[in-house]
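Engineer: Dumping the structure here so I can ask a few things about it.
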Amino acid sequence: MADWKDGIVLKVTNVVLYILFLSSNIYSVAGPTPYYGYGKETYFTPATWAFGIWSVIHLLLLGTIIYQFFETGHKTIVDGVNWRLPLLIVLNTIYINVWGRGHYVIAFIFALLVSSAASHIYYIVKKHHIAENVNDELWIHLPFSLWHGFTTFLIFVTAFEAFGVNAHRHSAGVFTKVFVFLALLFLESTSAAYAFSSAEGDLAGSIAIAWSLFAVFDHQRSSTFVHWSALVFAILSTFWIAKSVYGLFTRHRAGGPLHDSERAPLIGSS
């Protein structure tokens with residue numbers, strides 16, 4: 001039986017970094033120069049409400065930080081995820097601050113690093129740590145699924161900011177429309193991959209993608225092609241949400257968790 005003091009250095013590090021991460025995000029919204037809605041406008045910029053998902057992730061992550069002090073949480077968060085969580089928090093905090101200051105090429109590099117770290121944790125949690133109770137679902141699986149899905153979306157947001165045209169100065173050319181379409185297609189395919197990642201799917205991951213695509217649709221008004229393409233792919237992604245809901249319903253009717261081989265994610269740890 002694990003004592004709450006076991007792995008205390010890692011646990012305290014998680015607490016401290018979570019506070020810094022939360023403070024950084026609060027500053028990015030309430031500081032003298034808000035980050036969201038004031039950066040470079042591209043043809044992939046989402047509505048600012050898309051970033052509200054950070055509030056959900058922070059709330060769930062607070063539960064994760066508390067849950068690590070309990071035996072069931074310790075097994076996954078401390079023994080399984082280990083120091084990968086502090087690494088993810090540090091990378092994500094750097095990304096937000098670099099991105100908010102308009103250093104988009106550097107931010108793109110950090111977006112890739114954040115996604116890689118999130119993918120590694122996502123794989124470990126989904127493959128090796130089956131949710132055995134509601135607390136496992138809420139404080140471990142749910143936050144990392146949302147985090148993984150949203151950081152995947154942020155790669156494309158940052159890529160268009162780093163390498164795309166400014167929508168306030170240039171109209172959407174053929175190449176811009178093609179790259180936007182491919183980005184939307186990739187994200188919708190990622191939502192499908194979440195739905196088929198296991199027998200019950202990954203509902204939170206699909207929701208993160210659908211949420212983001214609807215935000216792109218809502219904000220993109222200057223290009224009819226981008227506007228309606230985003231809507232089509234957002235609607236398609238809701239079908240994968242429905243598939244995951246059905247999978248969860250079927251699992252609960254059958255009773256009990258699935259075996260590792262049935263839960264191995266299709267989305268690898270890149």
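Order determines the names: the first chain of the structure tokens is A, the second B, and so forth; residues in each chain are numbered 1 upward, and ligands are numbered 1 upward as they are shown.
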List the neighbours of Val245 of chain A out to 9 Å using only C-alpha atoms; skip same-chain residues closer than 3 positions along the sequence, and give me the result as a VMD selection string.

Structural biologist: chain A and resid 200 to 203 240 to 242 248 to 250

Engineer: With all heavy atoms retained, export the selected residues as a short mmCIF file (atom, residue, chain, number, x, y, z; two decimals), in the first residue's frame.

Structural biologist:
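For reference, again12.cif as written:
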```cif
data_model
loop_
_atom_site.label_atom_id
_atom_site.label_comp_id
_atom_site.auth_asym_id
_atom_site.auth_seq_id
_atom_site.Cartn_x
_atom_site.Cartn_y
_atom_site.Cartn_z
N GLU A 200 -14.76 1.37 -26.93
CA GLU A 200 -15.66 2.42 -26.48
C GLU A 200 -15.27 3.80 -27.00
O GLU A 200 -15.98 4.79 -26.80
CB GLU A 200 -15.75 2.47 -24.95
CG GLU A 200 -14.56 3.10 -24.24
CD GLU A 200 -13.43 2.14 -24.00
OE1 GLU A 200 -13.32 1.14 -24.72
OE2 GLU A 200 -12.63 2.39 -23.08
N GLY A 201 -14.13 3.88 -27.71
CA GLY A 201 -13.69 5.16 -28.25
C GLY A 201 -13.17 6.09 -27.18
O GLY A 201 -13.12 5.77 -26.00
N ASP A 202 -12.76 7.28 -27.62
CA ASP A 202 -12.28 8.32 -26.71
C ASP A 202 -13.17 9.54 -26.91
O ASP A 202 -12.93 10.37 -27.78
CB ASP A 202 -10.83 8.65 -26.99
CG ASP A 202 -10.23 9.62 -25.99
OD1 ASP A 202 -11.02 10.30 -25.29
OD2 ASP A 202 -9.00 9.72 -25.89
N LEU A 203 -14.20 9.64 -26.10
CA LEU A 203 -15.19 10.70 -26.25
C LEU A 203 -14.57 12.08 -26.08
O LEU A 203 -14.84 13.00 -26.86
CB LEU A 203 -16.32 10.50 -25.23
CG LEU A 203 -17.44 11.54 -25.23
CD1 LEU A 203 -18.14 11.60 -26.57
CD2 LEU A 203 -18.44 11.24 -24.11
N TRP A 240 -18.39 11.14 -34.94
CA TRP A 240 -17.45 10.33 -34.17
C TRP A 240 -17.69 10.48 -32.68
O TRP A 240 -17.43 9.55 -31.90
CB TRP A 240 -16.01 10.72 -34.55
CG TRP A 240 -15.78 10.66 -36.01
CD1 TRP A 240 -15.30 11.65 -36.82
CD2 TRP A 240 -16.04 9.55 -36.88
NE1 TRP A 240 -15.25 11.24 -38.13
CE2 TRP A 240 -15.69 9.95 -38.19
CE3 TRP A 240 -16.53 8.26 -36.68
CZ2 TRP A 240 -15.82 9.10 -39.29
CZ3 TRP A 240 -16.67 7.40 -37.77
CH2 TRP A 240 -16.32 7.83 -39.05
N ILE A 241 -18.20 11.65 -32.27
CA ILE A 241 -18.63 11.79 -30.87
C ILE A 241 -19.77 10.83 -30.58
O ILE A 241 -19.79 10.15 -29.55
CB ILE A 241 -19.06 13.25 -30.59
CG1 ILE A 241 -17.86 14.20 -30.68
CG2 ILE A 241 -19.71 13.37 -29.21
CD1 ILE A 241 -18.23 15.66 -30.51
N ALA A 242 -20.72 10.77 -31.51
CA ALA A 242 -21.87 9.87 -31.34
C ALA A 242 -21.41 8.42 -31.28
O ALA A 242 -21.93 7.62 -30.48
CB ALA A 242 -22.86 10.06 -32.49
N LEU A 248 -19.44 3.85 -25.28
CA LEU A 248 -19.50 3.92 -23.82
C LEU A 248 -20.77 3.28 -23.28
O LEU A 248 -20.75 2.55 -22.29
CB LEU A 248 -19.41 5.38 -23.37
CG LEU A 248 -18.03 6.04 -23.45
CD1 LEU A 248 -18.15 7.53 -23.18
CD2 LEU A 248 -17.08 5.40 -22.46
N PHE A 249 -21.88 3.57 -23.97
CA PHE A 249 -23.16 2.99 -23.56
C PHE A 249 -23.11 1.46 -23.64
O PHE A 249 -23.55 0.76 -22.72
CB PHE A 249 -24.28 3.53 -24.45
CG PHE A 249 -25.62 2.92 -24.17
CD1 PHE A 249 -26.36 3.28 -23.04
CD2 PHE A 249 -26.17 1.98 -25.04
CE1 PHE A 249 -27.59 2.70 -22.78
CE2 PHE A 249 -27.40 1.40 -24.79
CZ PHE A 249 -28.12 1.77 -23.65
N THR A 250 -22.54 0.96 -24.71
CA THR A 250 -22.42 -0.50 -24.88
C THR A 250 -21.53 -1.10 -23.83
O THR A 250 -21.82 -2.17 -23.27
CB THR A 250 -21.86 -0.81 -26.28
OG1 THR A 250 -22.70 -0.22 -27.27
CG2 THR A 250 -21.80 -2.30 -26.51
#
```

Engineer: Need to verify the contact set: segment 214-229 of chain A, 10 Å, only C-alpha atoms, exclusion of same-chain residues closer than 2 positions in sequence. Can you return it as a tab-separated table (two decimals) with all heavy atoms, in the first residue's frame?

Structural biologist:
```tsv
chain	number	residue	atom	x	y	z
A	41	GLU	N	-3.90	37.30	-37.36
A	41	GLU	CA	-5.14	36.75	-37.90
A	41	GLU	C	-4.83	35.93	-39.15
A	41	GLU	O	-4.26	36.44	-40.12
A	41	GLU	CB	-6.12	37.88	-38.25
A	41	GLU	CG	-7.46	37.41	-38.76
A	41	GLU	CD	-8.33	36.79	-37.67
A	41	GLU	OE1	-8.08	37.07	-36.48
A	41	GLU	OE2	-9.24	36.03	-38.02
A	42	THR	N	-5.18	34.65	-39.13
A	42	THR	CA	-4.96	33.77	-40.28
A	42	THR	C	-6.29	33.17	-40.72
A	42	THR	O	-7.34	33.44	-40.12
A	42	THR	CB	-3.99	32.63	-39.93
A	42	THR	OG1	-4.65	31.67	-39.10
A	42	THR	CG2	-2.76	33.16	-39.21
A	43	TYR	N	-6.22	32.34	-41.74
A	43	TYR	CA	-7.43	31.68	-42.22
A	43	TYR	C	-7.70	30.37	-41.48
A	43	TYR	O	-8.52	29.57	-41.92
A	43	TYR	CB	-7.34	31.45	-43.73
A	43	TYR	CG	-7.50	32.73	-44.50
A	43	TYR	CD1	-6.37	33.42	-44.97
A	43	TYR	CD2	-8.75	33.28	-44.72
A	43	TYR	CE1	-6.51	34.62	-45.64
A	43	TYR	CE2	-8.90	34.48	-45.39
A	43	TYR	CZ	-7.77	35.15	-45.85
A	43	TYR	OH	-7.92	36.34	-46.52
A	44	PHE	N	-7.00	30.20	-40.35
A	44	PHE	CA	-7.27	29.06	-39.48
A	44	PHE	C	-7.47	29.51	-38.04
A	44	PHE	O	-7.57	28.71	-37.13
A	44	PHE	CB	-6.13	28.03	-39.55
A	44	PHE	CG	-6.56	26.63	-39.22
A	44	PHE	CD1	-7.21	25.85	-40.16
A	44	PHE	CD2	-6.30	26.09	-37.97
A	44	PHE	CE1	-7.61	24.56	-39.86
A	44	PHE	CE2	-6.68	24.80	-37.66
A	44	PHE	CZ	-7.35	24.03	-38.60
A	45	THR	N	-7.53	30.81	-37.83
A	45	THR	CA	-7.72	31.35	-36.48
A	45	THR	C	-9.12	30.99	-35.98
A	45	THR	O	-10.10	31.27	-36.66
A	45	THR	CB	-7.54	32.87	-36.46
A	45	THR	OG1	-6.22	33.20	-36.93
A	45	THR	CG2	-7.75	33.44	-35.07
A	46	PRO	N	-9.21	30.39	-34.79
A	46	PRO	CA	-10.53	30.05	-34.26
A	46	PRO	C	-11.13	31.21	-33.47
A	46	PRO	O	-10.44	32.19	-33.16
A	46	PRO	CB	-10.22	28.88	-33.32
A	46	PRO	CG	-8.86	29.21	-32.80
A	46	PRO	CD	-8.13	29.89	-33.94
A	47	ALA	N	-12.40	31.11	-33.15
A	47	ALA	CA	-13.03	32.07	-32.24
A	47	ALA	C	-12.35	31.95	-30.88
A	47	ALA	O	-11.89	30.88	-30.48
A	47	ALA	CB	-14.53	31.78	-32.12
A	48	THR	N	-12.29	33.06	-30.15
A	48	THR	CA	-11.56	33.06	-28.88
A	48	THR	C	-12.16	32.10	-27.86
A	48	THR	O	-11.45	31.63	-26.96
A	48	THR	CB	-11.52	34.48	-28.28
A	48	THR	OG1	-12.86	34.99	-28.19
A	48	THR	CG2	-10.69	35.40	-29.15
A	49	TRP	N	-13.46	31.79	-28.00
A	49	TRP	CA	-14.06	30.87	-27.03
A	49	TRP	C	-13.48	29.46	-27.13
A	49	TRP	O	-13.64	28.65	-26.22
A	49	TRP	CB	-15.58	30.84	-27.15
A	49	TRP	CG	-16.16	30.54	-28.50
A	49	TRP	CD1	-16.66	31.43	-29.39
A	49	TRP	CD2	-16.33	29.24	-29.11
A	49	TRP	NE1	-17.14	30.78	-30.52
A	49	TRP	CE2	-16.95	29.43	-30.36
A	49	TRP	CE3	-16.04	27.94	-28.70
A	49	TRP	CZ2	-17.27	28.38	-31.22
A	49	TRP	CZ3	-16.33	26.89	-29.55
A	49	TRP	CH2	-16.94	27.10	-30.80
A	50	ALA	N	-12.78	29.17	-28.22
A	50	ALA	CA	-12.15	27.84	-28.36
A	50	ALA	C	-11.16	27.59	-27.23
A	50	ALA	O	-11.04	26.47	-26.73
A	50	ALA	CB	-11.43	27.73	-29.70
A	51	PHE	N	-10.48	28.67	-26.80
A	51	PHE	CA	-9.45	28.53	-25.77
A	51	PHE	C	-10.04	28.37	-24.38
A	51	PHE	O	-9.31	28.16	-23.40
A	51	PHE	CB	-8.50	29.72	-25.83
A	51	PHE	CG	-7.79	29.84	-27.14
A	51	PHE	CD1	-8.26	30.72	-28.12
A	51	PHE	CD2	-6.68	29.07	-27.42
A	51	PHE	CE1	-7.61	30.82	-29.34
A	51	PHE	CE2	-6.02	29.16	-28.64
A	51	PHE	CZ	-6.50	30.04	-29.61
A	157	VAL	N	-3.04	25.70	-35.70
A	157	VAL	CA	-3.25	27.12	-35.45
A	157	VAL	C	-1.91	27.86	-35.50
A	157	VAL	O	-1.77	28.90	-36.16
A	157	VAL	CB	-3.93	27.34	-34.09
A	157	VAL	CG1	-3.97	28.83	-33.73
A	157	VAL	CG2	-5.34	26.78	-34.09
A	167	ALA	N	-4.57	37.34	-42.65
A	167	ALA	CA	-5.89	37.44	-43.26
A	167	ALA	C	-6.39	38.87	-43.37
A	167	ALA	O	-7.30	39.16	-44.15
A	167	ALA	CB	-6.89	36.59	-42.47
A	168	HIS	N	-5.81	39.77	-42.57
A	168	HIS	CA	-6.21	41.18	-42.66
A	168	HIS	C	-5.57	41.89	-43.85
A	168	HIS	O	-6.04	42.95	-44.27
A	168	HIS	CB	-5.82	41.91	-41.37
A	168	HIS	CG	-6.70	41.56	-40.21
A	168	HIS	ND1	-6.27	41.68	-38.90
A	168	HIS	CD2	-7.97	41.08	-40.15
A	168	HIS	CE1	-7.24	41.31	-38.08
A	168	HIS	NE2	-8.28	40.95	-38.82
A	171	SER	N	-5.96	38.14	-49.24
A	171	SER	CA	-7.11	37.25	-49.43
A	171	SER	C	-6.63	35.80	-49.47
A	171	SER	O	-5.44	35.54	-49.66
A	171	SER	CB	-7.83	37.60	-50.75
A	171	SER	OG	-6.94	37.46	-51.85
A	172	ALA	N	-7.54	34.88	-49.29
A	172	ALA	CA	-7.19	33.46	-49.27
A	172	ALA	C	-6.94	32.96	-50.69
A	172	ALA	O	-7.86	32.86	-51.50
A	172	ALA	CB	-8.30	32.66	-48.61
A	173	GLY	N	-5.69	32.66	-50.99
A	173	GLY	CA	-5.34	32.13	-52.30
A	173	GLY	C	-5.59	30.64	-52.38
A	173	GLY	O	-6.04	30.00	-51.42
A	176	THR	N	-3.49	28.60	-49.82
A	176	THR	CA	-4.03	28.76	-48.46
A	176	THR	C	-5.26	27.89	-48.28
A	176	THR	O	-5.40	27.19	-47.26
A	176	THR	CB	-4.38	30.23	-48.20
A	176	THR	OG1	-3.20	31.02	-48.21
A	176	THR	CG2	-5.07	30.39	-46.84
A	177	LYS	N	-6.15	27.91	-49.25
A	177	LYS	CA	-7.38	27.11	-49.15
A	177	LYS	C	-7.07	25.61	-49.13
A	177	LYS	O	-7.70	24.85	-48.38
A	177	LYS	CB	-8.31	27.43	-50.32
A	177	LYS	CG	-8.89	28.84	-50.26
A	177	LYS	CD	-9.77	29.13	-51.47
A	177	LYS	CE	-10.35	30.54	-51.40
A	177	LYS	NZ	-11.17	30.85	-52.60
A	178	VAL	N	-6.10	25.20	-49.93
A	178	VAL	CA	-5.72	23.79	-49.96
A	178	VAL	C	-5.17	23.35	-48.61
A	178	VAL	O	-5.54	22.31	-48.06
A	178	VAL	CB	-4.68	23.52	-51.07
A	178	VAL	CG1	-4.08	22.12	-50.92
A	178	VAL	CG2	-5.33	23.65	-52.44
A	180	VAL	N	-5.62	24.79	-45.67
A	180	VAL	CA	-6.69	24.83	-44.66
A	180	VAL	C	-7.54	23.57	-44.78
A	180	VAL	O	-7.88	22.94	-43.78
A	180	VAL	CB	-7.56	26.09	-44.84
A	180	VAL	CG1	-8.83	25.97	-44.00
A	180	VAL	CG2	-6.79	27.34	-44.43
A	181	PHE	N	-7.89	23.21	-46.01
A	181	PHE	CA	-8.71	22.01	-46.23
A	181	PHE	C	-8.00	20.77	-45.71
A	181	PHE	O	-8.62	19.93	-45.04
A	181	PHE	CB	-9.01	21.86	-47.73
A	181	PHE	CG	-9.94	20.72	-48.04
A	181	PHE	CD1	-11.32	20.91	-48.02
A	181	PHE	CD2	-9.44	19.46	-48.36
A	181	PHE	CE1	-12.18	19.85	-48.30
A	181	PHE	CE2	-10.29	18.41	-48.64
A	181	PHE	CZ	-11.67	18.60	-48.61
A	184	LEU	N	-8.07	20.74	-41.90
A	184	LEU	CA	-9.40	20.36	-41.42
A	184	LEU	C	-9.63	18.87	-41.60
A	184	LEU	O	-10.19	18.20	-40.71
A	184	LEU	CB	-10.48	21.15	-42.17
A	184	LEU	CG	-10.49	22.67	-41.94
A	184	LEU	CD1	-11.45	23.34	-42.91
A	184	LEU	CD2	-10.89	22.99	-40.50
A	185	LEU	N	-9.21	18.36	-42.74
A	185	LEU	CA	-9.36	16.92	-43.00
A	185	LEU	C	-8.56	16.09	-42.00
A	185	LEU	O	-9.06	15.08	-41.48
A	185	LEU	CB	-8.89	16.61	-44.43
A	185	LEU	CG	-8.87	15.13	-44.83
A	185	LEU	CD1	-10.27	14.52	-44.77
A	185	LEU	CD2	-8.29	14.96	-46.24
A	209	ILE	N	-11.66	17.98	-30.58
A	209	ILE	CA	-11.50	18.28	-32.00
A	209	ILE	C	-12.73	18.98	-32.55
A	209	ILE	O	-12.64	20.00	-33.25
A	209	ILE	CB	-11.20	17.00	-32.80
A	209	ILE	CG1	-9.87	16.37	-32.36
A	209	ILE	CG2	-11.18	17.30	-34.29
A	209	ILE	CD1	-8.66	17.23	-32.62
A	210	ALA	N	-13.92	18.44	-32.26
A	210	ALA	CA	-15.16	19.04	-32.76
A	210	ALA	C	-15.32	20.47	-32.25
A	210	ALA	O	-15.70	21.38	-33.00
A	210	ALA	CB	-16.35	18.19	-32.34
A	211	TRP	N	-15.04	20.68	-30.98
A	211	TRP	CA	-15.10	22.01	-30.37
A	211	TRP	C	-14.22	23.00	-31.13
A	211	TRP	O	-14.63	24.12	-31.45
A	211	TRP	CB	-14.65	21.88	-28.91
A	211	TRP	CG	-14.42	23.16	-28.16
A	211	TRP	CD1	-13.26	23.87	-28.10
A	211	TRP	CD2	-15.37	23.88	-27.35
A	211	TRP	NE1	-13.41	24.97	-27.29
A	211	TRP	CE2	-14.70	25.00	-26.81
A	211	TRP	CE3	-16.70	23.66	-27.00
A	211	TRP	CZ2	-15.31	25.91	-25.97
A	211	TRP	CZ3	-17.32	24.58	-26.16
A	211	TRP	CH2	-16.64	25.69	-25.65
A	212	SER	N	-13.02	22.55	-31.45
A	212	SER	CA	-12.05	23.41	-32.15
A	212	SER	C	-12.51	23.72	-33.58
A	212	SER	O	-12.38	24.86	-34.05
A	212	SER	CB	-10.69	22.72	-32.19
A	212	SER	OG	-10.23	22.42	-30.87
A	231	LEU	N	-17.30	24.05	-41.22
A	231	LEU	CA	-18.58	23.56	-40.72
A	231	LEU	C	-18.80	22.10	-41.12
A	231	LEU	O	-19.24	21.29	-40.30
A	231	LEU	CB	-19.72	24.41	-41.26
A	231	LEU	CG	-21.13	23.95	-40.85
A	231	LEU	CD1	-21.29	23.99	-39.33
A	231	LEU	CD2	-22.19	24.81	-41.53
A	232	VAL	N	-18.50	21.77	-42.36
A	232	VAL	CA	-18.69	20.39	-42.82
A	232	VAL	C	-17.86	19.43	-41.99
A	232	VAL	O	-18.36	18.39	-41.52
A	232	VAL	CB	-18.32	20.27	-44.32
A	232	VAL	CG1	-18.26	18.80	-44.73
A	232	VAL	CG2	-19.33	21.01	-45.17
A	233	PHE	N	-16.59	19.75	-41.80
A	233	PHE	CA	-15.72	18.85	-41.03
A	233	PHE	C	-16.10	18.83	-39.55
A	233	PHE	O	-15.95	17.80	-38.88
A	233	PHE	CB	-14.26	19.25	-41.21
A	233	PHE	CG	-13.68	18.84	-42.53
A	233	PHE	CD1	-13.32	19.79	-43.48
A	233	PHE	CD2	-13.52	17.50	-42.85
A	233	PHE	CE1	-12.80	19.41	-44.70
A	233	PHE	CE2	-13.00	17.11	-44.07
A	233	PHE	CZ	-12.64	18.06	-45.01
A	234	ALA	N	-16.59	19.95	-39.03
A	234	ALA	CA	-17.05	19.97	-37.64
A	234	ALA	C	-18.26	19.06	-37.46
A	234	ALA	O	-18.35	18.32	-36.47
A	234	ALA	CB	-17.39	21.40	-37.23
A	235	ILE	N	-19.19	19.12	-38.42
A	235	ILE	CA	-20.37	18.26	-38.34
A	235	ILE	C	-19.97	16.79	-38.47
A	235	ILE	O	-20.48	15.93	-37.73
A	235	ILE	CB	-21.38	18.64	-39.44
A	235	ILE	CG1	-21.97	20.02	-39.15
A	235	ILE	CG2	-22.50	17.60	-39.55
A	235	ILE	CD1	-22.87	20.55	-40.24
A	237	SER	N	-17.21	15.50	-37.53
A	237	SER	CA	-16.57	15.10	-36.27
A	237	SER	C	-17.58	14.78	-35.19
A	237	SER	O	-17.29	14.00	-34.27
A	237	SER	CB	-15.59	16.18	-35.80
A	237	SER	OG	-16.28	17.36	-35.42
```

Engineer: Just the number, please: distance in Å from atom CA of Ile57 of chain A to atom CA of Ile8 of chain A, one decimal.

Structural biologist: 23.4 Å

Engineer: Excluding Ile140 of chain A and residues on its chain fewer than 4 positions from it, collect all residues at most 12 Å away from it, counting only C-alpha atoms, and give them as a PyMOL selection string.

Structural biologist: chain A and resi 57+60-68+72-78+80-81+85+121-122+124-126+129-136+144-147+204

Engineer: Those residues with N, CA, C and O atoms, as a short mmCIF file (atom, residue, chain, number, x, y, z; two decimals), in the first residue's frame please?

Structural biologist:
```
data_model
loop_
_atom_site.label_atom_id
_atom_site.label_comp_id
_atom_site.auth_asym_id
_atom_site.auth_seq_id
_atom_site.Cartn_x
_atom_site.Cartn_y
_atom_site.Cartn_z
N ILE A 57 -9.55 21.97 -18.75
CA ILE A 57 -8.35 21.17 -18.51
C ILE A 57 -7.72 21.52 -17.17
O ILE A 57 -7.30 20.64 -16.40
N LEU A 60 -9.83 20.01 -14.31
CA LEU A 60 -9.61 18.57 -14.22
C LEU A 60 -8.21 18.26 -13.72
O LEU A 60 -8.01 17.32 -12.94
N LEU A 61 -7.24 19.07 -14.15
CA LEU A 61 -5.86 18.85 -13.72
C LEU A 61 -5.69 19.12 -12.23
O LEU A 61 -4.85 18.49 -11.57
N LEU A 62 -6.49 20.02 -11.69
CA LEU A 62 -6.48 20.22 -10.24
C LEU A 62 -6.87 18.93 -9.54
O LEU A 62 -6.25 18.54 -8.53
N GLY A 63 -7.88 18.25 -10.08
CA GLY A 63 -8.26 16.95 -9.54
C GLY A 63 -7.14 15.94 -9.67
O GLY A 63 -6.91 15.12 -8.77
N THR A 64 -6.40 16.01 -10.79
CA THR A 64 -5.26 15.11 -10.99
C THR A 64 -4.20 15.33 -9.91
O THR A 64 -3.65 14.37 -9.37
N ILE A 65 -3.91 16.60 -9.64
CA ILE A 65 -2.89 16.93 -8.64
C ILE A 65 -3.29 16.43 -7.25
O ILE A 65 -2.46 15.93 -6.49
N ILE A 66 -4.57 16.54 -6.93
CA ILE A 66 -5.05 16.04 -5.64
C ILE A 66 -5.06 14.52 -5.62
O ILE A 66 -4.66 13.88 -4.65
N TYR A 67 -5.49 13.94 -6.73
CA TYR A 67 -5.67 12.48 -6.83
C TYR A 67 -4.34 11.73 -6.71
O TYR A 67 -4.31 10.57 -6.31
N GLN A 68 -3.22 12.39 -7.04
CA GLN A 68 -1.92 11.73 -6.97
C GLN A 68 -1.54 11.34 -5.53
O GLN A 68 -0.70 10.47 -5.33
N THR A 72 -4.78 4.92 -5.49
CA THR A 72 -5.16 4.60 -6.87
C THR A 72 -4.61 5.62 -7.85
O THR A 72 -4.21 5.28 -8.97
N GLY A 73 -4.58 6.88 -7.46
CA GLY A 73 -4.01 7.91 -8.32
C GLY A 73 -2.51 7.82 -8.40
O GLY A 73 -1.91 8.07 -9.46
N HIS A 74 -1.88 7.48 -7.28
CA HIS A 74 -0.42 7.35 -7.23
C HIS A 74 0.07 6.33 -8.26
O HIS A 74 1.09 6.56 -8.93
N LYS A 75 -0.65 5.24 -8.39
CA LYS A 75 -0.23 4.16 -9.28
C LYS A 75 -0.07 4.64 -10.72
O LYS A 75 0.88 4.26 -11.41
N THR A 76 -0.99 5.48 -11.18
CA THR A 76 -0.94 5.95 -12.56
C THR A 76 -0.13 7.23 -12.71
O THR A 76 0.75 7.33 -13.59
N ILE A 77 -0.40 8.22 -11.86
CA ILE A 77 0.20 9.54 -12.03
C ILE A 77 1.68 9.54 -11.66
O ILE A 77 2.51 10.11 -12.37
N VAL A 78 2.02 8.89 -10.54
CA VAL A 78 3.40 8.90 -10.08
C VAL A 78 4.21 7.75 -10.69
O VAL A 78 5.28 7.96 -11.26
N GLY A 80 3.22 5.66 -13.23
CA GLY A 80 3.04 5.51 -14.68
C GLY A 80 3.48 6.72 -15.47
O GLY A 80 4.45 6.69 -16.24
N VAL A 81 2.78 7.84 -15.27
CA VAL A 81 3.11 9.07 -16.01
C VAL A 81 4.46 9.62 -15.56
O VAL A 81 5.26 10.11 -16.38
N LEU A 85 4.66 14.37 -16.72
CA LEU A 85 3.67 15.44 -16.47
C LEU A 85 4.36 16.78 -16.21
O LEU A 85 3.97 17.79 -16.82
N ILE A 121 2.19 10.69 -22.90
CA ILE A 121 1.38 10.47 -21.70
C ILE A 121 0.05 9.81 -22.08
O ILE A 121 -0.41 8.88 -21.41
N TYR A 122 -0.55 10.29 -23.16
CA TYR A 122 -1.83 9.75 -23.62
C TYR A 122 -1.70 8.25 -23.89
O TYR A 122 -2.56 7.46 -23.49
N ILE A 124 0.56 6.12 -22.69
CA ILE A 124 0.79 5.39 -21.44
C ILE A 124 -0.51 5.19 -20.67
O ILE A 124 -0.81 4.09 -20.18
N VAL A 125 -1.29 6.25 -20.56
CA VAL A 125 -2.54 6.19 -19.80
C VAL A 125 -3.54 5.23 -20.46
O VAL A 125 -4.15 4.39 -19.79
N LYS A 126 -3.69 5.36 -21.77
CA LYS A 126 -4.68 4.55 -22.47
C LYS A 126 -4.27 3.09 -22.61
O LYS A 126 -5.11 2.19 -22.56
N HIS A 129 -2.93 1.81 -18.31
CA HIS A 129 -3.63 2.13 -17.07
C HIS A 129 -5.13 2.25 -17.34
O HIS A 129 -5.66 3.33 -17.57
N ILE A 130 -5.80 1.13 -17.30
CA ILE A 130 -7.24 1.09 -17.52
C ILE A 130 -7.95 1.84 -16.40
O ILE A 130 -7.58 1.74 -15.23
N ALA A 131 -8.97 2.62 -16.77
CA ALA A 131 -9.77 3.32 -15.76
C ALA A 131 -10.58 2.29 -14.98
O ALA A 131 -11.45 1.62 -15.52
N GLU A 132 -10.30 2.18 -13.69
CA GLU A 132 -10.96 1.19 -12.85
C GLU A 132 -12.13 1.77 -12.06
O GLU A 132 -12.90 1.03 -11.46
N ASN A 133 -12.25 3.10 -12.07
CA ASN A 133 -13.34 3.73 -11.33
C ASN A 133 -13.59 5.13 -11.91
O ASN A 133 -12.89 5.56 -12.84
N VAL A 134 -14.57 5.81 -11.36
CA VAL A 134 -14.94 7.14 -11.86
C VAL A 134 -13.80 8.13 -11.68
O VAL A 134 -13.56 9.00 -12.54
N ASN A 135 -13.08 8.03 -10.57
CA ASN A 135 -11.97 8.96 -10.33
C ASN A 135 -10.87 8.81 -11.38
O ASN A 135 -10.28 9.81 -11.81
N ASP A 136 -10.59 7.58 -11.78
CA ASP A 136 -9.61 7.37 -12.85
C ASP A 136 -10.06 8.04 -14.15
O ASP A 136 -9.27 8.65 -14.87
N PHE A 144 -6.20 14.24 -19.87
CA PHE A 144 -5.16 13.99 -20.85
C PHE A 144 -5.73 13.77 -22.25
O PHE A 144 -5.06 14.06 -23.26
N SER A 145 -6.95 13.28 -22.35
CA SER A 145 -7.60 13.17 -23.66
C SER A 145 -7.90 14.55 -24.22
O SER A 145 -7.64 14.83 -25.41
N LEU A 146 -8.46 15.43 -23.40
CA LEU A 146 -8.74 16.80 -23.85
C LEU A 146 -7.45 17.53 -24.20
O LEU A 146 -7.36 18.23 -25.22
N TRP A 147 -6.45 17.37 -23.37
CA TRP A 147 -5.15 18.02 -23.58
C TRP A 147 -4.53 17.56 -24.90
O TRP A 147 -4.04 18.36 -25.70
N ALA A 204 -13.73 12.25 -25.06
CA ALA A 204 -13.15 13.56 -24.76
C ALA A 204 -12.26 14.05 -25.91
O ALA A 204 -12.28 15.23 -26.27
#
```

Engineer: Write down as a PyMOL selection string the residues of segment 26-235 of chain A whose backbone DSSP state falls under alpha helix (DSSP H).

Structural biologist: chain A and resi 26-30+53-67+71-73+84-100+104-128+134-136+142-163+174-195+203-219+224-235
